[in-house]
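Structure file start-v7.csv with CSV, C-alpha atoms:
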chain,number,residue,atom,x,y,z
A,973,MET,CA,-51.3,-146.3,-99.7
A,974,GLY,CA,-51.5,-150.0,-99.7
A,975,LEU,CA,-49.4,-152.6,-101.6
A,976,LEU,CA,-52.0,-152.9,-104.3
A,977,ASP,CA,-51.9,-149.1,-105.0
A,978,TYR,CA,-48.1,-149.3,-105.1
A,979,PHE,CA,-48.0,-151.8,-107.9
A,980,ARG,CA,-50.7,-150.0,-109.8
A,981,GLY,CA,-48.8,-146.8,-109.4
A,982,THR,CA,-52.0,-145.0,-108.7
A,983,ARG,CA,-50.9,-142.8,-105.9
A,984,ALA,CA,-53.8,-140.4,-105.5
A,985,LYS,CA,-52.8,-136.9,-106.3
A,986,GLY,CA,-54.0,-134.7,-103.5
A,987,SER,CA,-55.6,-131.2,-103.6
A,988,ALA,CA,-52.6,-129.5,-102.0
A,989,ASN,CA,-51.0,-128.9,-105.4
A,990,ILE,CA,-54.1,-127.1,-106.6
A,991,ALA,CA,-54.2,-125.0,-103.4
A,992,LYS,CA,-50.6,-124.0,-103.9
A,993,GLU,CA,-51.1,-123.0,-107.5
A,994,ARG,CA,-54.2,-121.0,-106.8
A,995,LEU,CA,-52.4,-119.2,-103.9
A,996,GLN,CA,-49.4,-118.3,-105.9
A,997,ILE,CA,-51.5,-116.6,-108.6
A,998,LEU,CA,-53.8,-114.9,-106.0
A,999,VAL,CA,-51.0,-113.6,-103.8
A,1000,ALA,CA,-49.0,-112.3,-106.8
A,1001,HIS,CA,-52.1,-110.5,-107.9
A,1002,ASP,CA,-52.8,-109.1,-104.4
A,1003,ARG,CA,-49.2,-107.9,-104.1
A,1004,THR,CA,-49.2,-106.0,-107.4
A,1005,ALA,CA,-52.4,-104.3,-106.5
A,1006,ARG,CA,-51.0,-103.4,-103.0
A,1007,HIS,CA,-47.9,-101.7,-104.4
A,1008,ARG,CA,-49.8,-99.8,-107.0
A,1009,PRO,CA,-49.9,-96.1,-106.1
A,1010,SER,CA,-53.3,-94.8,-105.2
A,1011,TYR,CA,-53.1,-91.9,-107.7
A,1012,LEU,CA,-53.3,-94.2,-110.8
A,1013,PRO,CA,-57.1,-93.9,-111.4
A,1014,ASN,CA,-57.0,-90.1,-111.2
A,1015,LEU,CA,-53.9,-90.0,-113.4
A,1016,GLN,CA,-55.7,-92.1,-116.0
A,1017,ARG,CA,-58.8,-89.8,-115.9
A,1018,GLU,CA,-56.8,-86.6,-116.2
A,1019,ILE,CA,-54.7,-87.9,-119.1
A,1020,LEU,CA,-57.8,-88.9,-120.8
A,1021,ASP,CA,-59.3,-85.4,-120.3
A,1022,VAL,CA,-56.3,-83.8,-121.8
A,1023,ILE,CA,-56.2,-86.0,-124.9
A,1024,ARG,CA,-59.9,-85.5,-125.4
A,1025,LYS,CA,-59.4,-81.8,-125.9
A,1026,TYR,CA,-57.6,-82.6,-129.1
A,1027,VAL,CA,-58.8,-86.1,-130.2
A,1028,ASP,CA,-62.1,-87.8,-129.7
A,1029,ILE,CA,-61.1,-91.0,-128.0
A,1030,ASP,CA,-62.9,-93.7,-126.1
A,1031,MET,CA,-62.7,-94.1,-122.3
A,1032,ASN,CA,-60.9,-97.4,-122.8
A,1033,ALA,CA,-58.3,-96.0,-125.1
A,1034,VAL,CA,-55.9,-95.1,-122.4
A,1035,SER,CA,-54.4,-97.8,-120.3
A,1036,VAL,CA,-52.1,-97.1,-117.4
A,1037,ASN,CA,-49.9,-99.9,-116.2
A,1038,TYR,CA,-47.7,-99.8,-113.2
A,1039,GLU,CA,-44.9,-102.3,-112.6
A,1040,GLN,CA,-42.3,-102.5,-109.8
A,1041,GLU,CA,-39.0,-104.1,-110.5
A,1042,ASP,CA,-36.1,-104.4,-108.1
A,1043,ALA,CA,-34.6,-101.0,-108.4
A,1044,HIS,CA,-37.1,-99.0,-110.4
A,1045,GLU,CA,-40.7,-98.5,-111.2
A,1046,VAL,CA,-42.2,-98.5,-114.6
A,1047,LEU,CA,-45.3,-96.4,-115.4
A,1048,GLU,CA,-46.5,-97.5,-118.8
A,1049,LEU,CA,-49.1,-95.4,-120.7
A,1050,ASN,CA,-50.8,-96.8,-123.7
A,1051,ILE,CA,-53.0,-94.6,-125.8
A,1052,VAL,CA,-54.8,-95.9,-128.8
A,1053,LEU,CA,-55.8,-93.1,-131.3
A,1054,PRO,CA,-58.7,-93.8,-133.6
A,1055,GLU,CA,-57.7,-94.2,-137.2
A,1056,THR,CA,-59.6,-91.0,-138.4
A,1057,ALA,CA,-57.6,-88.8,-136.0
A,1058,ARG,CA,-54.5,-89.1,-138.1
A,1059,ASN,CA,-56.3,-88.1,-141.3
A,1060,ARG,CA,-57.8,-85.1,-139.6
A,1061,ALA,CA,-54.4,-83.8,-138.4
B,1063,MET,CA,-37.3,-101.0,-72.9
B,1064,ALA,CA,-39.6,-103.8,-73.7
B,1065,ARG,CA,-39.8,-105.6,-77.0
B,1066,ILE,CA,-43.4,-105.4,-78.4
B,1067,ILE,CA,-44.6,-108.6,-80.2
B,1068,VAL,CA,-47.9,-108.7,-82.0
B,1069,ILE,CA,-49.6,-112.0,-82.6
B,1070,THR,CA,-51.6,-111.5,-85.8
B,1071,SER,CA,-53.2,-113.4,-88.7
B,1072,GLY,CA,-56.0,-111.6,-90.4
B,1073,LYS,CA,-58.2,-114.7,-90.4
B,1074,GLY,CA,-60.0,-115.8,-87.3
B,1075,GLY,CA,-59.8,-119.1,-85.5
B,1076,VAL,CA,-56.2,-120.0,-86.5
B,1077,GLY,CA,-54.8,-119.9,-83.0
B,1078,LYS,CA,-53.7,-116.4,-82.2
B,1079,THR,CA,-54.9,-116.4,-78.6
B,1080,THR,CA,-53.5,-119.9,-78.0
B,1081,THR,CA,-50.2,-118.7,-79.4
B,1082,ALA,CA,-50.2,-115.4,-77.4
B,1083,ALA,CA,-50.8,-117.3,-74.2
B,1084,ALA,CA,-48.2,-119.9,-75.0
B,1085,LEU,CA,-45.5,-117.5,-76.1
B,1086,ALA,CA,-46.0,-115.1,-73.2
B,1087,MET,CA,-45.9,-118.0,-70.7
B,1088,GLY,CA,-42.8,-119.4,-72.4
B,1089,LEU,CA,-41.0,-116.1,-72.3
B,1090,ALA,CA,-41.9,-115.5,-68.7
B,1091,GLN,CA,-40.8,-119.0,-67.6
B,1092,ARG,CA,-37.4,-118.2,-69.0
B,1093,GLY,CA,-37.1,-115.3,-66.6
B,1094,ASN,CA,-38.3,-112.5,-68.8
B,1095,ARG,CA,-40.8,-110.1,-67.3
B,1096,THR,CA,-43.7,-110.4,-69.7
B,1097,ALA,CA,-47.1,-108.8,-70.1
B,1098,VAL,CA,-49.7,-110.1,-72.5
B,1099,ILE,CA,-52.5,-107.8,-73.7
B,1100,ASP,CA,-55.9,-108.7,-75.1
B,1101,PHE,CA,-56.7,-106.3,-77.9
B,1102,ASP,CA,-60.0,-108.0,-78.8
B,1103,VAL,CA,-62.3,-105.4,-77.1
B,1104,GLY,CA,-65.9,-106.7,-76.9
B,1105,LEU,CA,-64.9,-110.3,-77.4
B,1106,ARG,CA,-62.3,-110.9,-74.7
B,1107,ASN,CA,-60.9,-114.4,-74.6
B,1108,LEU,CA,-57.3,-114.3,-73.5
B,1109,ASP,CA,-58.3,-114.3,-69.8
B,1110,LEU,CA,-60.2,-117.6,-70.4
B,1111,ILE,CA,-57.2,-119.2,-72.2
B,1112,MET,CA,-54.9,-118.0,-69.4
B,1113,GLY,CA,-57.4,-119.2,-66.7
B,1114,CYS,CA,-57.7,-115.9,-64.9
B,1115,GLU,CA,-61.2,-114.9,-66.0
B,1116,ARG,CA,-62.6,-114.7,-62.5
B,1117,ARG,CA,-59.9,-112.3,-61.4
B,1118,VAL,CA,-60.7,-109.5,-63.9
B,1119,VAL,CA,-61.6,-106.3,-62.2
B,1120,TYR,CA,-60.3,-103.5,-64.4
B,1121,ASP,CA,-59.3,-103.8,-68.1
B,1122,PHE,CA,-57.3,-102.3,-70.9
B,1123,VAL,CA,-59.9,-99.7,-71.8
B,1124,ASN,CA,-60.2,-98.6,-68.1
B,1125,VAL,CA,-56.4,-98.0,-68.2
B,1126,ILE,CA,-56.6,-96.1,-71.5
B,1127,ASN,CA,-59.4,-93.9,-70.1
B,1128,GLN,CA,-57.5,-93.4,-66.9
B,1129,GLU,CA,-60.3,-94.9,-64.8
B,1130,ALA,CA,-57.8,-97.3,-63.3
B,1131,ASN,CA,-54.0,-97.5,-63.2
B,1132,LEU,CA,-51.9,-100.3,-64.7
B,1133,ASN,CA,-51.1,-102.0,-61.4
B,1134,GLN,CA,-54.9,-102.3,-60.7
B,1135,ALA,CA,-55.6,-103.8,-64.1
B,1136,LEU,CA,-52.7,-106.2,-64.5
B,1137,ILE,CA,-53.4,-109.7,-63.3
B,1138,ARG,CA,-50.4,-111.6,-62.1
B,1139,ASP,CA,-50.3,-115.2,-63.3
B,1140,LYS,CA,-50.5,-117.7,-60.4
B,1141,ARG,CA,-48.2,-120.2,-62.1
B,1142,CYS,CA,-45.4,-117.8,-63.1
B,1143,ASP,CA,-44.4,-114.7,-61.2
B,1144,ASN,CA,-43.0,-113.0,-64.3
B,1145,LEU,CA,-46.2,-113.0,-66.3
B,1146,TYR,CA,-49.0,-110.5,-66.2
B,1147,VAL,CA,-52.3,-110.4,-68.2
B,1148,LEU,CA,-54.0,-107.2,-69.2
B,1149,PRO,CA,-57.6,-108.2,-70.2
B,1150,ALA,CA,-59.7,-106.6,-72.9
B,1151,SER,CA,-63.0,-104.8,-72.0
B,1152,GLN,CA,-66.0,-106.9,-72.6
B,1153,THR,CA,-68.5,-104.1,-72.8
B,1154,ARG,CA,-67.0,-101.3,-74.9
B,1155,ASP,CA,-66.5,-101.2,-78.6
B,1156,LYS,CA,-63.2,-101.3,-80.4
B,1157,GLU,CA,-63.1,-97.5,-81.0
B,1158,ALA,CA,-62.2,-97.2,-77.3
B,1159,LEU,CA,-58.6,-98.1,-78.3
B,1160,THR,CA,-57.1,-94.8,-79.4
B,1161,LYS,CA,-53.6,-94.6,-80.9
B,1162,GLU,CA,-52.5,-92.2,-78.2
B,1163,GLY,CA,-54.1,-94.2,-75.4
B,1164,VAL,CA,-52.6,-97.5,-76.6
B,1165,GLY,CA,-49.2,-95.8,-77.1
B,1166,ARG,CA,-49.3,-94.4,-73.6
B,1167,VAL,CA,-50.1,-97.8,-71.9
B,1168,LEU,CA,-47.4,-99.5,-73.9
B,1169,GLU,CA,-44.9,-96.8,-73.0
B,1170,GLU,CA,-45.7,-97.2,-69.3
B,1171,LEU,CA,-45.5,-101.0,-69.6
B,1172,SER,CA,-42.2,-100.8,-71.4
B,1173,GLN,CA,-40.6,-99.3,-68.3
B,1174,GLY,CA,-41.1,-102.5,-66.2
B,1175,PHE,CA,-41.2,-105.3,-68.7
B,1176,ASP,CA,-38.9,-107.2,-71.1
B,1177,PHE,CA,-41.6,-108.3,-73.5
B,1178,ILE,CA,-45.1,-107.1,-74.3
B,1179,VAL,CA,-47.2,-109.6,-76.2
B,1180,CYS,CA,-50.2,-108.1,-78.1
B,1181,ASP,CA,-53.0,-110.6,-78.9
B,1182,SER,CA,-54.7,-109.1,-82.0
B,1183,PRO,CA,-58.3,-109.6,-82.9
B,1184,ALA,CA,-59.1,-111.2,-86.2
B,1185,GLY,CA,-59.7,-109.0,-89.3
B,1186,ILE,CA,-57.9,-105.9,-90.5
B,1187,GLU,CA,-60.2,-103.3,-88.7
B,1188,HIS,CA,-59.4,-100.9,-85.9
B,1189,GLY,CA,-58.6,-103.4,-83.1
B,1190,ALA,CA,-56.2,-105.3,-85.3
B,1191,THR,CA,-54.4,-102.2,-86.6
B,1192,MET,CA,-54.1,-100.9,-83.0
B,1193,ALA,CA,-52.6,-104.2,-81.9
B,1194,MET,CA,-49.9,-104.1,-84.6
B,1195,TYR,CA,-49.2,-100.4,-84.8
B,1196,TYR,CA,-46.5,-100.2,-82.1
B,1197,ALA,CA,-45.0,-103.7,-82.7
B,1198,ASP,CA,-41.3,-104.4,-83.0
B,1199,ASP,CA,-41.9,-108.1,-84.0
B,1200,ALA,CA,-44.8,-109.8,-85.6
B,1201,VAL,CA,-45.8,-113.5,-85.3
B,1202,VAL,CA,-48.1,-114.3,-88.2
B,1203,VAL,CA,-50.1,-117.3,-87.2
B,1204,THR,CA,-51.2,-119.3,-90.3
B,1205,ASN,CA,-53.0,-122.5,-91.0
B,1206,PRO,CA,-51.9,-124.6,-94.0
B,1207,GLU,CA,-55.1,-123.6,-95.8
B,1208,VAL,CA,-55.7,-121.2,-98.7
B,1209,SER,CA,-57.8,-118.5,-97.0
B,1210,SER,CA,-55.5,-118.3,-94.0
B,1211,VAL,CA,-52.3,-118.0,-96.2
B,1212,ARG,CA,-53.9,-115.3,-98.3
B,1213,ASP,CA,-55.0,-113.3,-95.2
B,1214,SER,CA,-51.5,-113.7,-93.7
B,1215,ASP,CA,-50.1,-112.2,-96.9
B,1216,ARG,CA,-52.5,-109.3,-96.7
B,1217,MET,CA,-51.5,-108.8,-93.0
B,1218,LEU,CA,-47.9,-108.6,-94.0
B,1219,GLY,CA,-48.7,-105.8,-96.4
B,1220,ILE,CA,-50.4,-103.9,-93.6
B,1221,LEU,CA,-47.5,-104.5,-91.2
B,1222,SER,CA,-45.1,-103.0,-93.8
B,1223,SER,CA,-47.2,-100.0,-94.6
B,1224,LYS,CA,-49.4,-99.0,-91.6
B,1225,SER,CA,-47.2,-99.7,-88.5
B,1226,ARG,CA,-45.4,-97.0,-86.6
B,1227,ARG,CA,-42.1,-98.4,-87.8
B,1228,ALA,CA,-43.3,-98.1,-91.4
B,1229,GLU,CA,-44.6,-94.6,-90.9
B,1230,THR,CA,-41.5,-93.3,-89.3
B,1231,ASN,CA,-39.1,-95.1,-91.7
B,1232,ALA,CA,-37.6,-97.0,-88.8
B,1233,GLU,CA,-36.2,-100.5,-89.2
B,1234,PRO,CA,-39.1,-102.7,-90.4
B,1235,ILE,CA,-41.0,-105.0,-88.1
B,1236,ARG,CA,-39.4,-108.4,-87.8
B,1237,GLU,CA,-41.9,-110.9,-89.2
B,1238,TYR,CA,-42.1,-114.6,-88.2
B,1239,LEU,CA,-44.3,-117.4,-89.5
B,1240,LEU,CA,-45.9,-119.7,-87.0
B,1241,LEU,CA,-47.7,-122.5,-88.9
B,1242,THR,CA,-50.4,-124.1,-86.7
B,1243,ARG,CA,-52.8,-127.1,-87.0
B,1244,TYR,CA,-50.2,-128.9,-89.1
B,1245,ASP,CA,-50.9,-132.5,-90.0
B,1246,PRO,CA,-47.8,-134.2,-91.5
B,1247,VAL,CA,-49.8,-137.3,-92.5
B,1248,ARG,CA,-52.2,-135.2,-94.7
B,1249,VAL,CA,-49.2,-133.3,-96.1
B,1250,ASP,CA,-47.6,-136.6,-97.1
B,1251,ASN,CA,-50.9,-137.6,-98.8
B,1252,GLY,CA,-50.9,-134.4,-100.7
B,1253,GLU,CA,-54.0,-133.2,-99.0
B,1254,MET,CA,-52.5,-130.3,-97.1
B,1255,LEU,CA,-50.0,-127.5,-98.0
B,1256,SER,CA,-46.6,-128.3,-96.7
B,1257,VAL,CA,-44.3,-126.0,-94.6
B,1258,LYS,CA,-42.3,-125.6,-97.8
B,1259,ASP,CA,-45.3,-124.6,-99.9
B,1260,VAL,CA,-46.4,-121.9,-97.3
B,1261,GLN,CA,-42.8,-120.7,-97.0
B,1262,GLU,CA,-42.5,-120.4,-100.8
B,1263,ILE,CA,-45.5,-118.1,-100.8
B,1264,LEU,CA,-45.0,-116.0,-97.7
B,1265,SER,CA,-41.1,-116.3,-97.4
B,1266,LEU,CA,-40.9,-115.5,-93.7
B,1267,ASN,CA,-38.6,-116.7,-90.9
B,1268,LEU,CA,-40.2,-119.9,-89.6
B,1269,LEU,CA,-40.7,-119.6,-85.9
B,1270,GLY,CA,-42.3,-122.9,-85.5
B,1271,VAL,CA,-44.8,-125.5,-86.7
B,1272,ILE,CA,-47.4,-126.5,-84.2
B,1273,PRO,CA,-49.0,-129.9,-85.0
B,1274,GLU,CA,-52.8,-130.4,-85.0
B,1275,SER,CA,-53.2,-131.6,-81.5
B,1276,LYS,CA,-55.8,-132.6,-79.0
B,1277,ALA,CA,-53.7,-130.9,-76.3
B,1278,VAL,CA,-54.8,-127.4,-77.5
B,1279,LEU,CA,-58.5,-128.0,-76.7
B,1280,ASN,CA,-57.6,-129.8,-73.5
B,1281,ALA,CA,-55.5,-126.8,-72.5
B,1282,SER,CA,-58.2,-124.2,-73.3
B,1283,ASN,CA,-60.8,-126.3,-71.5
B,1284,SER,CA,-58.9,-126.0,-68.3
B,1285,GLY,CA,-57.4,-122.5,-68.8
B,1286,VAL,CA,-53.8,-123.6,-68.9
B,1287,PRO,CA,-51.6,-122.3,-71.7
B,1288,VAL,CA,-50.7,-125.4,-73.8
B,1289,ILE,CA,-47.0,-124.7,-73.4
B,1290,LEU,CA,-47.2,-125.8,-69.8
B,1291,ASP,CA,-48.3,-129.3,-71.0
B,1292,ARG,CA,-44.7,-130.4,-71.7
B,1293,GLU,CA,-45.8,-134.0,-72.3
B,1294,THR,CA,-47.7,-133.0,-75.5
B,1295,ASP,CA,-46.5,-132.4,-79.0
B,1296,ALA,CA,-48.1,-128.9,-79.2
B,1297,GLY,CA,-46.7,-127.9,-75.8
B,1298,GLN,CA,-43.2,-128.9,-76.9
B,1299,ALA,CA,-43.6,-127.3,-80.3
B,1300,TYR,CA,-44.4,-124.0,-78.6
B,1301,GLY,CA,-41.5,-124.4,-76.2
B,1302,ASP,CA,-39.2,-124.8,-79.3
B,1303,ALA,CA,-40.7,-121.7,-80.9
B,1304,VAL,CA,-40.0,-119.6,-77.8
B,1305,GLY,CA,-36.4,-120.8,-77.9
B,1306,ARG,CA,-36.1,-119.9,-81.6
B,1307,TYR,CA,-37.6,-116.4,-80.9
B,1308,LEU,CA,-34.9,-115.9,-78.3
B,1309,GLY,CA,-32.2,-116.7,-80.8
B,1310,GLU,CA,-31.6,-120.4,-80.0
B,1311,ASP,CA,-30.9,-122.8,-82.8
B,1312,VAL,CA,-33.6,-125.4,-82.3
B,1313,PRO,CA,-34.3,-128.0,-85.0
B,1314,HIS,CA,-37.9,-128.3,-86.1
B,1315,ARG,CA,-39.8,-131.3,-84.9
B,1316,PHE,CA,-43.3,-132.5,-85.7
B,1317,ILE,CA,-42.9,-131.7,-89.4
B,1318,GLU,CA,-42.5,-135.3,-90.5
B,1319,ALA,CA,-45.2,-138.0,-90.2
B,1320,ARG,CA,-44.3,-140.7,-87.8
B,1321,LYS,CA,-42.9,-143.6,-89.8
B,1322,LYS,CA,-45.4,-146.4,-90.3
B,1323,GLY,CA,-44.7,-150.0,-89.4
B,1324,PHE,CA,-44.1,-152.6,-92.1
B,1325,PHE,CA,-47.6,-154.1,-91.9
B,1326,SER,CA,-49.5,-150.9,-92.0
B,1327,ARG,CA,-47.5,-149.9,-95.0
B,1328,LEU,CA,-48.3,-153.1,-96.7
B,1329,PHE,CA,-52.0,-153.0,-96.1
B,1330,GLY,CA,-52.6,-149.3,-96.1
B,1331,GLY,CA,-54.4,-147.3,-93.4

Can the structure from this file be put into C-alpha cells for me?
Amino acid sequence: MGLLDYFRGTRAKGSANIAKERLQILVAHDRTARHRPSYLPNLQREILDVIRKYVDIDMNAVSVNYEQEDAHEVLELNIVLPETARNRA
Amino acid sequence: MARIIVITSGKGGVGKTTTAAALAMGLAQRGNRTAVIDFDVGLRNLDLIMGCERRVVYDFVNVINQEANLNQALIRDKRCDNLYVLPASQTRDKEALTKEGVGRVLEELSQGFDFIVCDSPAGIEHGATMAMYYADDAVVVTNPEVSSVRDSDRMLGILSSKSRRAETNAEPIREYLLLTRYDPVRVDNGEMLSVKDVQEILSLNLLGVIPESKAVLNASNSGVPVILDRETDAGQAYGDAVGRYLGEDVPHRFIEARKKGFFSRLFGG
C-alpha cells in the first residue's frame, strides 16, 4: 500500500474474508451432517408409513430434525396433517 | 512402547511427506529412536524425500506379508543413527495394507522405538484410514486455503470416529495443526487466511506455522529433510515444531511479515 492509497483510504479488501465466511458456513454444515445418526432416513420413512395407515399424507409432510447441544440431543419430528384429515376424524 | 504419530490432511500436495520427513528427523536428532513409515502404497515418495530411494530392497507390504522381516526392510538413515525409514511398496495396491498386518508391524516396531511416524496418503480411502487407525497423535497438515481447511476438518471427524482409540473408547487421539505454505505478507494484504482464521475454524493445538519457502523444494531436490537446513526459515520452523511436540514452550516465529523500510512503505511495493 503506497502513500497515495493511505490518504485515499482505499485499502483493498482482500479475498481472505470471503474465504473465512464461506468456510465457517461449510464446516458448520459438514459437522452437523457428520454427527447426525445414520438411522434418520429409515426412521423418517417408517414414521411416514405408520401415519399413512391412518391419514393420507404427503412424503414431505414429515420432517425429522436432529440437533446436538452440549449435554443432550434433540430429535424433532414435525408432521403436517392435511386439513381434511381433521374433518374426517 | 512407542508413540504413534500420523501425518494426515485429506487433501493432497499440502506437505505431508515433507512434514513426516522433517518431524521424524527432528525427533531422531534429539536422541529418540524413530521410525518413519510410508503408507502411500503404489505411490511411494518418502524414500525420495529422505534421500534413500536407492537403498530400498524390501518394503512395508513385504513385512506385512511376512516375505521379509522388519530388520531387512528398515533403512537406517545415513545422517542420523536413530532414524529408520520403512518404504511403501511401489507395485502393490493399497488393499495390501490389512488392519491386522499393519497392527502387527506397528506392535513389533513399538518394542524398539520411541516414536513411529506414519506418513498418510492423500484422500480418505483405505491407505489413509490405515495410516491413522493406530495413531496416538495426529498432525493435521493444512494450507491456508479453503479446500485444504475443509478437508482437514473432515479428517478430524474421521480421526474421532474411525480410529482404534475411538472404537475402543480410549483417550482420544491428540490432534495438532501444522499450517504450511504460510505467507505473512499475503495475510497482511487480506489475500490469505491467517493463522487465527484457521484456528477459529479448526480449533486445534497449533504445532507450528511453516512459511512458504524455497528451502522446501531445494530440500526435496536433493533428498535432504528440510529440517536439516538450519539456515532456512522452513528448517527452523520445523525445528520449533518438534520442540513444541516434545512439550517445550517455543514462541511462534515466521507468522508476522518482515517490517518494511520507510521508503518501501511510502512508495508501496

Q.
Given all atoms listed in the file as the basis, pick out the residue of A:Arg1024, A:His1007, A:Arg1017, A:His1044 nearest to chain B.
A. A:His1007

Q | Shell of 10 Å around Leu1089 of chain B, all atoms listed in the file, local chain residues under 3 positions omitted, as a list in words | A |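 Here the qualifying residues turn out to be Ala1084, Leu1085, Ala1086, Arg1092, Gly1093, Asn1094, Arg1095, Thr1096, Ala1097, Asn1144, Leu1145, Asp1176, Phe1177, Val1179, Gly1301, Val1304, Gly1305, Tyr1307 and Leu1308 of chain B.
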
**Q.** Among listed residues B:Gln1173, B:Val1103, B:Ile1186, B:Met1194, nearest Pro1149 of chain B (using all atoms listed in the file)
**A.**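 Comparing B:Gln1173, B:Val1103, B:Ile1186, B:Met1194 against Pro1149 of chain B, the winner is B:Val1103.
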
Which residues of segment 1181-1274 of chain B come within 7 Å of segment 986-989 of chain A, and what is each one's closest atom pair and distance in Å (one decimal), counting only C-alpha atoms, sorted by chain and residue number, as a Markdown table?
| residue | atom | partner | partner_atom | distance |
| --- | --- | --- | --- | --- |
| B:Asn1251 | CA | A:Gly986 | CA | 6.3 |
| B:Gly1252 | CA | A:Gly986 | CA | 4.2 |
| B:Glu1253 | CA | A:Gly986 | CA | 4.7 |
| B:Met1254 | CA | A:Ala988 | CA | 5.0 |
| B:Leu1255 | CA | A:Ala988 | CA | 5.2 |

Q) Which residues come within 12 Å of Thr1160 of chain B, counting all atoms listed in the file, excluding same-chain residues fewer than 6 positions away, as a ChimeraX atom specification? A) /B:1101,1122-1123,1125-1127,1166-1167,1188-1189,1191-1193,1195

**Q.** Sphere at (-52.4, -123.0, -102.8), radius 10 Å, counting all atoms listed in the file: residues as a PyMOL selection string
**A.** (chain A and resi 987-999) or (chain B and resi 1206-1209+1211-1212+1254-1256+1259-1260+1263)

Q: Around the point (-40.2, -98.2, -80.8) in the file's coordinates, collect all residues with an atom within 12 Å, using only C-alpha atoms, and return them as number ranges by chain.
A: B: 1063-1067, 1165, 1168-1169, 1172, 1194-1199, 1225-1235

Q: To one decimal in Å, tell me the separation between atom CA of Asn1205 of chain B and atom CA of Lys1073 of chain B.
A: 9.4 Å

**Q.** Å distance separating atom CA of Val1022 of chain A from atom CA of Glu1039 of chain A, one decimal place
**A.** 23.6 Å

Q) Using only C-alpha atoms, which of the listed residues (B:Leu1240, B:Ile1137, B:Val1249, B:Ala1090) sits closest to chain A? A)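 Ranking B:Leu1240, B:Ile1137, B:Val1249, B:Ala1090 by distance to chain A, first place goes to B:Val1249.
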
(Q) Using Å and a single decimal, report how far atom CA of His1001 of chain A sits from atom CA of Asp1245 of chain B. (A)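 Separation between atom CA of Asp1245 of chain B and atom CA of His1001 of chain A: 28.4 Å.
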
Could you rebuild segment 1082-1086 of chain B with all heavy atoms and give me the result as an mmCIF file, in the frame of the given file?
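File written: rebuild_24.cif
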data_model
loop_
_atom_site.group_PDB
_atom_site.id
_atom_site.type_symbol
_atom_site.label_atom_id
_atom_site.label_comp_id
_atom_site.auth_asym_id
_atom_site.auth_seq_id
_atom_site.Cartn_x
_atom_site.Cartn_y
_atom_site.Cartn_z
ATOM 1 N N ALA B 1082 -50.595 -116.511 -78.314
ATOM 2 C CA ALA B 1082 -50.200 -115.400 -77.400
ATOM 3 C C ALA B 1082 -50.007 -115.910 -76.013
ATOM 4 O O ALA B 1082 -49.011 -115.575 -75.358
ATOM 5 C CB ALA B 1082 -51.297 -114.316 -77.461
ATOM 6 N N ALA B 1083 -50.933 -116.755 -75.540
ATOM 7 C CA ALA B 1083 -50.800 -117.300 -74.200
ATOM 8 C C ALA B 1083 -49.581 -118.164 -74.045
ATOM 9 O O ALA B 1083 -48.835 -118.050 -73.070
ATOM 10 C CB ALA B 1083 -52.090 -118.116 -73.856
ATOM 11 N N ALA B 1084 -49.342 -118.995 -75.055
ATOM 12 C CA ALA B 1084 -48.200 -119.900 -75.000
ATOM 13 C C ALA B 1084 -46.874 -119.173 -75.035
ATOM 14 O O ALA B 1084 -45.978 -119.425 -74.231
ATOM 15 C CB ALA B 1084 -48.296 -120.947 -76.107
ATOM 16 N N LEU B 1085 -46.743 -118.257 -75.975
ATOM 17 C CA LEU B 1085 -45.500 -117.500 -76.100
ATOM 18 C C LEU B 1085 -45.191 -116.685 -74.878
ATOM 19 O O LEU B 1085 -44.064 -116.655 -74.376
ATOM 20 C CB LEU B 1085 -45.446 -116.674 -77.370
ATOM 21 C CG LEU B 1085 -45.451 -117.392 -78.725
ATOM 22 C CD1 LEU B 1085 -45.215 -116.397 -79.859
ATOM 23 C CD2 LEU B 1085 -44.404 -118.495 -78.790
ATOM 24 N N ALA B 1086 -46.246 -116.003 -74.389
ATOM 25 C CA ALA B 1086 -46.000 -115.100 -73.200
ATOM 26 C C ALA B 1086 -45.599 -115.991 -72.023
ATOM 27 O O ALA B 1086 -44.647 -115.636 -71.313
ATOM 28 C CB ALA B 1086 -47.331 -114.387 -72.893
#
